[in-house]
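Everything below concerns the one structure shown next.
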Amino acid sequence: TFAMVFAAREMTVNYQQLMAQLSDLGEAKGAAADDAIKNLKETHATSAGLKAFCTWMCLNIIDQCRQSLGGHGYSAYTGLSQAYSDFAVHCTWEGDNTILTLQCGRYLVATALEARKGQPLPANLAYLQGAVSKSGAVDTKPCVGTSATAVSALDTLKAAWSSVAANAIVSAVRDFEAGLAKGLSKDNAYEFSSASRLHAARMHTYTYLLHRFAAQVEQSPATLRPVLTLLAQLFGAHSAVQHSGEFLQSGFYTGAQVETLKTFVNDACAQVRKDAVPLTDAFGYTDYVVNSPLGRYDGDVYEKYFELVTSLNPQKPIPYFDSLIRPLLERTNESELGPELEFDQE
């Protein structure tokens with residue numbers, strides 16, 4: 001999705017800046033080294049969460065595309081079955097997704113605990129500043145609007161996801177501290193809070209993606225801003241509807257507001273449909289990369305589909321057609337005798 005593309009661009013810039021910072025650091029110690037280590041931790045945790053979240057989501061999107069095409073989606077000629085099997089490995093190599101998500105969750109818990117002690121929050125967790133009170137409790141400021149425009153506004157969605165992510169992180173912190181209270185070691189306490197850490201990482205990554213999407217929309221050309229704004233709203237609202245229980249639990253949305261958000265998602269899908277083709281083409285994937293006649297750039301789907309099928313299945317003489325199959329096709333009711341087979345002569 002566009003959210004992933006924009007987040008990837010920012011992560012690339014952050015990585016390059018980190019590498020330059022580490023290169024300039026040399027043998028230096030003190031505040032400069034501490035700042036570099038802090039940035040290293042933040043970059044690792046964010047990229048770990050993004051790798052896991054984005055590969056899981058992409059695999060799910062491929063399967064949704066495959067199912068949306070009905071029987072064609074299961075055909076080997078359309079390429080989607082092969083794309084699914086080829087992509088699935090990304091959820092494991094270069095870091096197993098569950099392990100990476102837990103690493104991100106551990107960072108979130110540790111950072112939240114440091115913030116309680118007065119340490120400044122990193123940029124990707126700045127939303128915690130206004131969402132969590134000094135006591136560590138989530139200070140939710142509910143959505144006050146009731147119209148579709150109010151509940152689906154980009155700033156409202158950013159605040160909504162910030163509230164949900166903050167709630168998930170605070171819950172993970174509580175589980176971690178509960179483990180310590182049971183007498184567990186620090187590492188075992190983190191293990192004790194694994195489920196809540198994983199959930200916190202997922203909610204945080206949703207929030208990070210939406211915030212990065214919104215930031216890129218603000219920097220986009222004026223002619224593209226309306227459709228990109230609608231896409232960002234659709235991403236945030238659709239994801240919120242899928243996880244509506246989180247928003248109800250955090251107290252940001254009411255049940256009626258969630259229903260309004262569902263209505264907005266339906267209307268937004270209808271609006272964005274007219275731009276679906278150019279938005280898809282904007283990714284710049286060639287026909288060779290797409291590897292499917294159903295996704296051709298020129299839209300010449302069925303002729304190319306038929307050409308592919310016929311080229312991979314050239315017509316050849318069918319063995320035994322004249323001696324066995326043709327008599328069956330041309331037989332009449334005048335004779336019930338079938339073709340004479342070799343074993344009849346023995």
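Residues in the structure tokens are named by chain (A, B, ... in the order shown) and by number from 1 within that chain; ligands are numbered from 1 in the order shown.
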
task: Report the residues of segment 176-221 of chain A whose backbone DSSP state falls under alpha helix (DSSP H), written as a ChimeraX atom specification.
output: /A:176-181,186-192,194-219

Wanna dump the segment 147-233 of chain A-segment 55-66 of chain A contacts at 12 Å for me, each residue with its shortest atom pair and the distance in Å to one decimal, counting only C-alpha atoms, ordered by chain and number, as a tab-separated table?
residue	atom	partner	partner_atom	distance
A:Arg202	CA	A:Trp56	CA	10.8
A:Thr205	CA	A:Met57	CA	11.6
A:Tyr206	CA	A:Met57	CA	11.0

field: Distance query Leu248 of chain A at most 10 Å, only C-alpha atoms, self and fewer than 4 positions along chain excluded, as an NGL selection string
entry: :A and (164 or 243-244 or 252-255 or 257-258)

task: Find the distance between atom CA of Ala160 of chain A and atom CA of Leu228 of chain A and write it in Å to one decimal.
output: 19.4 Å

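Between atom CA of Tyr297 of chain A and atom CA of Arg225 of chain A lies a distance of 24.4 Å.
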
task: Find the residues around segment 106-122 of chain A up to 8 Å (only C-alpha atoms counted), leave out those fewer than 3 positions away in its own chain, and share them as a VMD selection string.
output: chain A and resid 41 to 42 45 102 to 103 125 to 126 128 to 129 134 to 136 169 to 170 172 to 173 176 190 197 200 to 201

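The list of residues with at least one atom within 12 Å of Val290 of chain A, based on only C-alpha atoms and without residues fewer than 2 positions apart in the same chain, reads Ile62, Thr78, Gly79, Leu80, Gln82, Ala83, Thr280, Asp281, Phe283, Gly284, Tyr285, Thr286, Asp287, Tyr288, Ser292, Pro293, Leu294, Gly295, Arg296 and Tyr297 of chain A.
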
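Closest approach to Glu10 of chain A among A:Ala215, A:Val89, A:Leu157, A:Leu328 is made by A:Ala215 (distances from only C-alpha atoms).
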
message: Which residue is closest to Asp267 of chain A? Choose from A:Ala222, A:Ala148, A:Ala282, A:Met203 and count only C-alpha atoms.
response: A:Ala148

message: Could you list, as a ChimeraX atom specification, every residue within 10 Å of Ser47 of chain A, counting only C-alpha atoms and ignoring same-chain residues fewer than 6 positions away?
response: /A:7-8,11-12,15,41,53,100-101,104,205

query: Suppose you want the space between atom CA of Leu230 of chain A and atom CA of Ala268 of chain A; what is it in Å?
result: 7.1 Å

task: Might you pull out every residue within 10 Å of Ala150 of chain A, with only C-alpha atoms counted and same-chain residues fewer than 6 positions away left off, and present them as a list in words?
output: Cys143, Val144, Thr156, Leu157, Gln257, Thr260 and Leu261 of chain A

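Of the listed residues A:Asn291, A:Ala36, A:Asp322, A:Glu303, the one whose atoms come nearest to Ser81 of chain A is A:Asn291, with distances taken using only C-alpha atoms.
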